[in-house]
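Chemist: I have a structure I would like to understand better, so I am pasting it below and will then ask my questions one at a time.
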Amino acid sequence: MGDIATTGSEGNYQWNYGDILDALADVVPGDRPALIHGDDVTHWEDFTKRTNNLAANLLKGGAVAGDKIAIYMRNRREYPEGLAASFKGRLTHVNVNYRYVAKELVYLMDNADATVCIYAAEFASHVSAIKDSLPKVTQWVEVDDGFSGNDDAISYEALATEGDGKPLGIERFGTDQLFLYTGGTTGMPKGVMWAHHSLWNALGGGGNANAGVPPCDGLEDLLTRIRLAPIVPVNVPLPPIMHGTGMMSAINAMMGGGTCVTLPYKSFDAEMALSAIDKYKATTVTIVGDAFARPLVETMDASPGKYDFSSVMAMTSSGVMWTRDIKAGLLRHNQNLMLVDAFSSSEAIGLGSSVMTKDATIEVAKFVLGPSCKVFTEAEEEVQPGSSESGMVAVCGFLPDGYYKDQEKTDKTFKVINGVRYSIPGDWVKVEKDGSLTLLGRGSNCINTAGEKVYPEEVEEALKGHDSVADCLVIGMPDEKWGQAITAVVELNHGFEMEEIELRDFARKELAAYKVPKRILSRASLERAPNGKANYQLIKEYAEEMLG
């Protein structure tokens with residue numbers, strides 16, 4: 001999730017993203033590109049005015065400080081504008097997965113208590129289907145993207161252009177929040193509550209630990225660094241901004257007075273990505289593991305010299321495995337590249353990192369423990385390097401406030417050990433003699449498919465709704481493209497035959513497309529224990545045998 005560091009400014013200054021953006025307006029040249037989407041360029045002067053107008057008009061429309069604002073769209077300039085406006089208006093951002101179906105959308109926005117929803121017209125029919133189920137949402141704001149929209153929607157462009165574009169002149173606080181919804185152990189998303197001050201510091205505090213740049217002492221220090229910076233940061237977030245990895249990189253680009261470049265594709269296009277990197281001389285690129293990196297390497301290998309990749313100083317990934325061979329392939333095309341593999345999650349930034357350059361190769365799944373991290377057993381005893389024990393990695397310091405409206409989940413994840421509050425998201429590791437970490441996996445059986453978290457229980461329950469399915473278990477199988485491919489094994493009711501296509505079509509009606517199993521197999525018995533406990537290892541071995 002961006003360039004990771006867990007230390008930050010410890011002084012009395014309380015960081016707020018809205019205050020930072022107000023201050024940047026007086027420092028960053030107005031003709032510098034702030035947002036680029038395809039051929040559409042928004043310069044900093046216009047970005048400042050548009051986001052000020054948007055924030056002011058949302059408040060005039062009835063939103064008040066602390067209200068939740070859901071943003072429902074693919075990568076496009078209006079997403080970072082919406083983020084910036086939420087910061088300036090003290091509104092709490094809520095990310096909406098645009099792959100969700102109706103019942104998932106209703107659950108998320110209702111759980112978040114959203115009162116504003118900014119959505120792309122592409123999803124107008126989905127919005128029409130859910131509006132009556134979400135009476136708390138009083139402002140449905142529609143972005144004109146060429147699709148037919150809803151006649152009763154508020155025009156996003158009108159809100160962004162009507163007004164004097166001046167700063168709001170309101171007092172903000174470091175405790176103002178951003179919500180980042182992520183998967184929960186029950187399969188339902190949970191809202192991770194990040195205060196601005198904590199998130200800013202968790203992401204490096206204006207510095208970059210991997211590059212040896214310390215955190216900023218305060219706002220003036222940040223502004224001085226931006227004034228004197230020899231290179232304007234140009235970030236290209238390739239994954240969706242509605243996920244943490246892409247979102248944090250977009251936020252970092254804005255807060256650094258730089259440029260955020262988004263690409264107008266519905267699915268990843270390596271040629272388009274490389275063309276944008278070349279055209280706009282990107283300095284940093286954000287990806288999610290091999291699913292993005294492999295096509296980039298293959299495209300450059302197929303057309304040597306076609307794309308200038310030399311401007312990229314750092315490429316950062318978080319969330320899935322990023323293999324050494326693919327990293328080496330990237331380095332063949334840019335020997336000065338720093339490849340940062342960040343071990344983080346929505347509720348725990350800075351668990352560890354793995355940095356590879358042409359002079360420093362690394363082993364897959366080997367990470368250096370973050371400076372504010374320890375590893376604990378389930379008995380909350382610290383795991384010592386080189387011991388045979390495995391444990392869960394924990395980070396202290398700048399942490400989220402918890403999960404929105406879920407005290408039970410908050411208490412399970414955020415624990416006080418020896419007087420120190422830690423975030424322990426459930427990632428199991430071994431601590432090697434040299435202090436490095438070897439990842440063992442998520443204890444909850446979470447499946448990570450191309451950066452999307454999918455919990456087996458949700459998919460299992462959806463498939464068990466089919467008349468033919470008596471029982472179901474879902475696992476993640478290693479996959480070159482997806483990292484893990486969702487795979488289901490079903491036990492059929494008597495008299496039914498296996499119909500894989502029919503089951504996948506059934507699941508698609510209940511689940512977002514990325515949660516639908518890539519393969520569905522059948523087995524005479526899933527051999528649960530007498531207490532109902534699943535034997536996932538047995539099912540995984542069976543799937544490996546059947547799929548070769």
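Each chain in the structure tokens gets a letter, A, B and so on, in the order shown; residues start at 1 in every chain, and ligands are counted from 1 in the order they appear.
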Excluding A:Asn12 and any residue of its chain fewer than 5 positions from it, enumerate the residues within 12 Å of it, using only C-alpha atoms, and give them as a count of residues only.

Modeler: 5

Chemist: Contacts of A:Tyr119 at 7 Å or less, counting only C-alpha atoms, minus same-chain residues fewer than 6 places along, as a ChimeraX atom specification?

Modeler: /A:71-73,141-143

Chemist: A:Ala273: which residues within 10 Å, counting only C-alpha atoms, same-chain residues fewer than 5 positions away excluded, as a list in words?

Modeler: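 So the residues in contact are Val236, Pro237, Leu238, Val261, Thr262, Leu263, Pro264, Tyr265, Phe268, Asp278, Lys279, Val285, Phe292 and Leu296 of chain A.
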
Chemist: Just the strand (DSSP E or B) stuff from stretch 265-462 of chain A, please, per backbone DSSP, written as a PyMOL selection string.

Modeler: chain A and resi 284-287+314-318+338-345+348-357+360+366-369+373-376+382+390-396+402-403+414-417+420-423+427-431+436-442+447-449+452-454

Chemist: Mind pulling up the distance from atom CA of A:Ile277 to atom CA of A:Tyr307?

Modeler: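 Distance reported for this atom pair: 8.3 Å.
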
Chemist: Can you tell me how far atom CA of A:Ala302 sits from atom CA of A:Thr286, in Å to one decimal?

Modeler: 22.1 Å

Chemist: Give me the stretch 338-439 of chain A side of the contact with stretch 310-313 of chain A, cut-off 12 Å, one line per residue showing its nearest atom pair and distance in Å at one decimal, counting only C-alpha atoms, sorted by chain and residue number, as CSV.

Modeler:
residue,atom,partner,partner_atom,distance
A:Met338,CA,A:Met313,CA,6.1
A:Leu339,CA,A:Met313,CA,8.7
A:Val340,CA,A:Met313,CA,10.7
A:Thr357,CA,A:Met313,CA,10.6

Chemist: Just give me the gap between atom CA of A:Gln384 and atom CA of A:Ser372 in Å, one decimal is fine.

Modeler: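 Those two atoms sit 15.4 Å apart.
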
Chemist: Do you know which residues are at most 9 Å from A:Ala250 counting only C-alpha atoms, after dropping those on the same chain fewer than 2 positions away, and could you put them as number ranges by chain?

Modeler: A: 2, 80, 235-237, 241, 245-248, 252-255, 259-261

Chemist: Create the file for the chosen residues now, containing C-alpha atoms and written as a PDB file, in the first residue's frame.

Modeler:
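Written file, result.pdb:
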ATOM      1  CA  GLY A   2       2.340   2.711  -1.184  1.00  0.00           C
ATOM      2  CA  PRO A  80      -9.221  11.173  -6.604  1.00  0.00           C
ATOM      3  CA  ASN A 235       2.443   7.952 -10.111  1.00  0.00           C
ATOM      4  CA  VAL A 236       0.564   5.395 -12.198  1.00  0.00           C
ATOM      5  CA  PRO A 237      -1.700   3.216 -10.018  1.00  0.00           C
ATOM      6  CA  ILE A 241      -8.206   2.949  -6.677  1.00  0.00           C
ATOM      7  CA  THR A 245      -3.056  -0.463  -2.767  1.00  0.00           C
ATOM      8  CA  GLY A 246      -4.250   1.791  -5.577  1.00  0.00           C
ATOM      9  CA  MET A 247      -5.941   4.257  -3.246  1.00  0.00           C
ATOM     10  CA  MET A 248      -2.896   4.869  -1.083  1.00  0.00           C
ATOM     11  CA  ASN A 252       0.495   9.821  -1.983  1.00  0.00           C
ATOM     12  CA  ALA A 253       0.635  11.368  -5.467  1.00  0.00           C
ATOM     13  CA  MET A 254      -1.785  14.135  -4.463  1.00  0.00           C
ATOM     14  CA  MET A 255      -0.115  14.831  -1.123  1.00  0.00           C
ATOM     15  CA  THR A 259       0.526  13.780 -10.808  1.00  0.00           C
ATOM     16  CA  CYS A 260      -1.759  10.755 -10.625  1.00  0.00           C
ATOM     17  CA  VAL A 261      -2.223   8.970 -13.946  1.00  0.00           C
TER      18      VAL A 261
END

Chemist: So which bits of stretch 22-262 of chain A end up alpha helix (DSSP H) when you DSSP the backbone, as a compact mmCIF listing (two decimals) with N, CA and C atoms, in the first residue's frame?

Modeler:
# COMPACT_ATOMS: atom_id res chain seq x y z
N ASP A 22 -5.06 22.15 0.99
CA ASP A 22 -5.19 23.61 0.99
C ASP A 22 -3.83 24.28 0.89
N ALA A 23 -2.86 23.76 1.63
CA ALA A 23 -1.53 24.36 1.64
C ALA A 23 -0.81 24.16 0.30
N LEU A 24 -1.02 23.00 -0.32
CA LEU A 24 -0.36 22.72 -1.60
C LEU A 24 -0.81 23.68 -2.69
N TRP A 44 -3.35 21.47 -11.62
CA TRP A 44 -3.51 21.69 -10.17
C TRP A 44 -4.43 22.86 -9.85
N GLU A 45 -4.36 23.94 -10.64
CA GLU A 45 -5.25 25.07 -10.37
C GLU A 45 -6.71 24.65 -10.47
N ASP A 46 -7.04 23.91 -11.53
CA ASP A 46 -8.42 23.45 -11.71
C ASP A 46 -8.78 22.37 -10.69
N PHE A 47 -7.84 21.50 -10.39
CA PHE A 47 -8.08 20.45 -9.40
C PHE A 47 -8.45 21.07 -8.05
N THR A 48 -7.73 22.10 -7.67
CA THR A 48 -7.99 22.78 -6.40
C THR A 48 -9.39 23.40 -6.39
N LYS A 49 -9.72 24.11 -7.47
CA LYS A 49 -11.03 24.77 -7.53
C LYS A 49 -12.16 23.75 -7.57
N ARG A 50 -12.00 22.73 -8.38
CA ARG A 50 -13.06 21.73 -8.53
C ARG A 50 -13.33 21.00 -7.21
N THR A 51 -12.27 20.62 -6.52
CA THR A 51 -12.47 19.87 -5.27
C THR A 51 -12.99 20.77 -4.16
N ASN A 52 -12.60 22.05 -4.16
CA ASN A 52 -13.19 22.99 -3.21
C ASN A 52 -14.69 23.15 -3.47
N ASN A 53 -15.05 23.32 -4.75
CA ASN A 53 -16.47 23.45 -5.10
C ASN A 53 -17.25 22.20 -4.72
N LEU A 54 -16.70 21.07 -5.04
CA LEU A 54 -17.40 19.81 -4.78
C LEU A 54 -17.66 19.64 -3.29
N ALA A 55 -16.64 19.90 -2.48
CA ALA A 55 -16.81 19.78 -1.03
C ALA A 55 -17.85 20.77 -0.52
N ALA A 56 -17.74 22.02 -0.96
CA ALA A 56 -18.68 23.05 -0.49
C ALA A 56 -20.11 22.72 -0.89
N ASN A 57 -20.31 22.24 -2.10
CA ASN A 57 -21.67 21.96 -2.58
C ASN A 57 -22.26 20.72 -1.93
N LEU A 58 -21.43 19.74 -1.58
CA LEU A 58 -21.94 18.58 -0.85
C LEU A 58 -22.42 19.00 0.54
N LEU A 59 -21.67 19.91 1.16
CA LEU A 59 -22.09 20.42 2.47
C LEU A 59 -23.37 21.25 2.35
N LYS A 60 -23.48 22.06 1.30
CA LYS A 60 -24.70 22.83 1.08
C LYS A 60 -25.88 21.90 0.84
N GLU A 78 -12.44 11.46 -11.46
CA GLU A 78 -13.39 11.84 -10.43
C GLU A 78 -13.17 11.08 -9.12
N TYR A 79 -12.47 9.94 -9.18
CA TYR A 79 -12.24 9.23 -7.91
C TYR A 79 -11.28 10.01 -7.01
N PRO A 80 -10.08 10.35 -7.49
CA PRO A 80 -9.22 11.17 -6.60
C PRO A 80 -9.81 12.54 -6.31
N GLU A 81 -10.59 13.11 -7.22
CA GLU A 81 -11.27 14.37 -6.90
C GLU A 81 -12.25 14.16 -5.76
N GLY A 82 -13.00 13.06 -5.81
CA GLY A 82 -13.94 12.76 -4.73
C GLY A 82 -13.24 12.55 -3.40
N LEU A 83 -12.09 11.87 -3.44
CA LEU A 83 -11.29 11.70 -2.23
C LEU A 83 -10.87 13.05 -1.67
N ALA A 84 -10.32 13.89 -2.54
CA ALA A 84 -9.84 15.21 -2.10
C ALA A 84 -10.99 16.03 -1.53
N ALA A 85 -12.15 15.99 -2.17
CA ALA A 85 -13.29 16.74 -1.66
C ALA A 85 -13.76 16.22 -0.30
N SER A 86 -13.70 14.90 -0.13
CA SER A 86 -14.09 14.34 1.17
C SER A 86 -13.14 14.82 2.26
N PHE A 87 -11.85 14.88 1.94
CA PHE A 87 -10.88 15.37 2.92
C PHE A 87 -11.15 16.83 3.27
N LYS A 88 -11.40 17.63 2.25
CA LYS A 88 -11.58 19.06 2.47
C LYS A 88 -12.87 19.35 3.23
N ALA A 102 -26.17 -6.32 -6.34
CA ALA A 102 -27.07 -5.45 -5.59
C ALA A 102 -27.03 -5.67 -4.08
N LYS A 103 -27.14 -6.92 -3.63
CA LYS A 103 -27.22 -7.13 -2.18
C LYS A 103 -25.91 -6.78 -1.49
N GLU A 104 -24.79 -6.92 -2.19
CA GLU A 104 -23.51 -6.54 -1.60
C GLU A 104 -23.40 -5.02 -1.50
N LEU A 105 -23.88 -4.32 -2.54
CA LEU A 105 -23.87 -2.85 -2.52
C LEU A 105 -24.73 -2.31 -1.38
N VAL A 106 -25.92 -2.88 -1.23
CA VAL A 106 -26.82 -2.42 -0.17
C VAL A 106 -26.19 -2.67 1.19
N TYR A 107 -25.62 -3.86 1.38
CA TYR A 107 -24.99 -4.15 2.68
C TYR A 107 -23.90 -3.14 2.99
N LEU A 108 -23.01 -2.90 2.04
CA LEU A 108 -21.86 -2.03 2.31
C LEU A 108 -22.30 -0.61 2.63
N MET A 109 -23.15 -0.03 1.79
CA MET A 109 -23.53 1.37 2.01
C MET A 109 -24.40 1.53 3.25
N ASP A 110 -25.22 0.54 3.54
CA ASP A 110 -26.02 0.60 4.76
C ASP A 110 -25.13 0.43 5.98
N ASN A 111 -24.18 -0.51 5.92
CA ASN A 111 -23.27 -0.72 7.04
C ASN A 111 -22.44 0.53 7.31
N ALA A 112 -22.08 1.23 6.24
CA ALA A 112 -21.25 2.44 6.38
C ALA A 112 -22.06 3.65 6.81
N ALA A 124 -25.55 3.30 -13.33
CA ALA A 124 -26.84 3.95 -13.04
C ALA A 124 -27.94 2.93 -12.81
N SER A 125 -27.96 1.85 -13.58
CA SER A 125 -29.02 0.85 -13.41
C SER A 125 -28.89 0.15 -12.07
N HIS A 126 -27.66 -0.08 -11.62
CA HIS A 126 -27.45 -0.69 -10.31
C HIS A 126 -27.94 0.25 -9.20
N VAL A 127 -27.64 1.54 -9.37
CA VAL A 127 -28.07 2.52 -8.38
C VAL A 127 -29.60 2.57 -8.31
N SER A 128 -30.26 2.55 -9.48
CA SER A 128 -31.73 2.57 -9.51
C SER A 128 -32.31 1.39 -8.74
N ALA A 129 -31.63 0.25 -8.84
CA ALA A 129 -32.14 -0.97 -8.21
C ALA A 129 -31.99 -0.96 -6.69
N ILE A 130 -31.06 -0.15 -6.16
CA ILE A 130 -30.78 -0.21 -4.73
C ILE A 130 -31.23 1.04 -3.97
N TYR A 156 -22.59 15.55 -11.07
CA TYR A 156 -21.27 15.71 -10.46
C TYR A 156 -20.58 16.96 -11.02
N GLU A 157 -20.63 17.10 -12.34
CA GLU A 157 -19.91 18.21 -12.97
C GLU A 157 -20.45 19.55 -12.50
N ALA A 158 -21.75 19.62 -12.26
CA ALA A 158 -22.32 20.87 -11.74
C ALA A 158 -21.77 21.18 -10.35
N LEU A 159 -21.68 20.18 -9.50
CA LEU A 159 -21.14 20.39 -8.16
C LEU A 159 -19.67 20.81 -8.21
N ALA A 160 -18.93 20.30 -9.19
CA ALA A 160 -17.49 20.59 -9.28
C ALA A 160 -17.20 21.95 -9.91
N THR A 161 -18.16 22.49 -10.64
CA THR A 161 -17.88 23.74 -11.37
C THR A 161 -18.66 24.95 -10.83
N HIS A 196 -6.85 10.51 9.78
CA HIS A 196 -5.89 11.11 8.85
C HIS A 196 -4.47 11.11 9.42
N HIS A 197 -4.32 11.54 10.66
CA HIS A 197 -2.99 11.65 11.26
C HIS A 197 -2.30 10.29 11.32
N SER A 198 -3.05 9.27 11.68
CA SER A 198 -2.46 7.94 11.78
C SER A 198 -2.10 7.38 10.41
N LEU A 199 -2.99 7.55 9.43
CA LEU A 199 -2.72 7.02 8.11
C LEU A 199 -1.54 7.73 7.46
N TRP A 200 -1.48 9.04 7.59
CA TRP A 200 -0.37 9.81 7.03
C TRP A 200 0.96 9.29 7.57
N ASN A 201 1.02 9.07 8.86
CA ASN A 201 2.27 8.60 9.47
C ASN A 201 2.55 7.14 9.15
N ALA A 202 1.52 6.31 9.10
CA ALA A 202 1.72 4.91 8.75
C ALA A 202 2.29 4.76 7.34
N LEU A 219 3.96 20.66 8.57
CA LEU A 219 3.48 21.07 7.26
C LEU A 219 4.50 21.91 6.51
N GLU A 220 5.17 22.83 7.19
CA GLU A 220 6.16 23.67 6.51
C GLU A 220 7.31 22.84 5.95
N ASP A 221 7.71 21.82 6.69
CA ASP A 221 8.77 20.93 6.20
C ASP A 221 8.32 20.23 4.92
N LEU A 222 7.08 19.76 4.91
CA LEU A 222 6.55 19.11 3.71
C LEU A 222 6.54 20.07 2.53
N LEU A 223 6.05 21.29 2.75
CA LEU A 223 5.96 22.26 1.66
C LEU A 223 7.35 22.63 1.13
N THR A 224 8.32 22.73 2.04
CA THR A 224 9.69 23.04 1.61
C THR A 224 10.23 21.91 0.74
N ARG A 225 10.00 20.69 1.13
CA ARG A 225 10.48 19.55 0.34
C ARG A 225 9.85 19.54 -1.06
N ILE A 226 8.57 19.87 -1.13
CA ILE A 226 7.88 19.87 -2.42
C ILE A 226 8.41 21.00 -3.30
N ARG A 227 8.67 22.18 -2.70
CA ARG A 227 9.22 23.31 -3.46
C ARG A 227 10.58 22.95 -4.06
N LEU A 228 11.41 22.25 -3.29
CA LEU A 228 12.80 21.98 -3.69
C LEU A 228 12.98 20.66 -4.42
N GLY A 244 -7.16 -0.69 -1.43
CA GLY A 244 -6.17 0.02 -0.64
C GLY A 244 -4.88 0.32 -1.37
N THR A 245 -4.35 -0.65 -2.10
CA THR A 245 -3.06 -0.46 -2.77
C THR A 245 -3.11 0.70 -3.74
N GLY A 246 -4.12 0.71 -4.62
CA GLY A 246 -4.25 1.79 -5.58
C GLY A 246 -4.61 3.10 -4.92
N MET A 247 -5.48 3.04 -3.91
CA MET A 247 -5.94 4.26 -3.25
C MET A 247 -4.80 4.98 -2.55
N MET A 248 -3.97 4.22 -1.82
CA MET A 248 -2.90 4.87 -1.08
C MET A 248 -1.87 5.49 -2.02
N SER A 249 -1.64 4.87 -3.16
CA SER A 249 -0.70 5.45 -4.11
C SER A 249 -1.27 6.72 -4.73
N ALA A 250 -2.58 6.75 -4.98
CA ALA A 250 -3.20 7.97 -5.50
C ALA A 250 -3.14 9.09 -4.46
N ILE A 251 -3.40 8.74 -3.20
CA ILE A 251 -3.31 9.74 -2.13
C ILE A 251 -1.89 10.27 -2.02
N ASN A 252 -0.90 9.38 -2.07
CA ASN A 252 0.49 9.82 -1.98
C ASN A 252 0.85 10.77 -3.12
N ALA A 253 0.34 10.49 -4.33
CA ALA A 253 0.63 11.37 -5.47
C ALA A 253 0.06 12.76 -5.23
N MET A 254 -1.17 12.83 -4.73
CA MET A 254 -1.78 14.13 -4.46
C MET A 254 -1.05 14.88 -3.36
N MET A 255 -0.74 14.17 -2.27
CA MET A 255 -0.12 14.83 -1.12
C MET A 255 1.33 15.22 -1.39

Chemist: Give me the residues near A:Ser468 as a PyMOL selection string, where near means some atom within 12 Å (using only C-alpha atoms) and where sequence neighbours in that chain fewer than 5 positions away do not count.

Modeler: chain A and resi 463+490-500+502-503+506+522
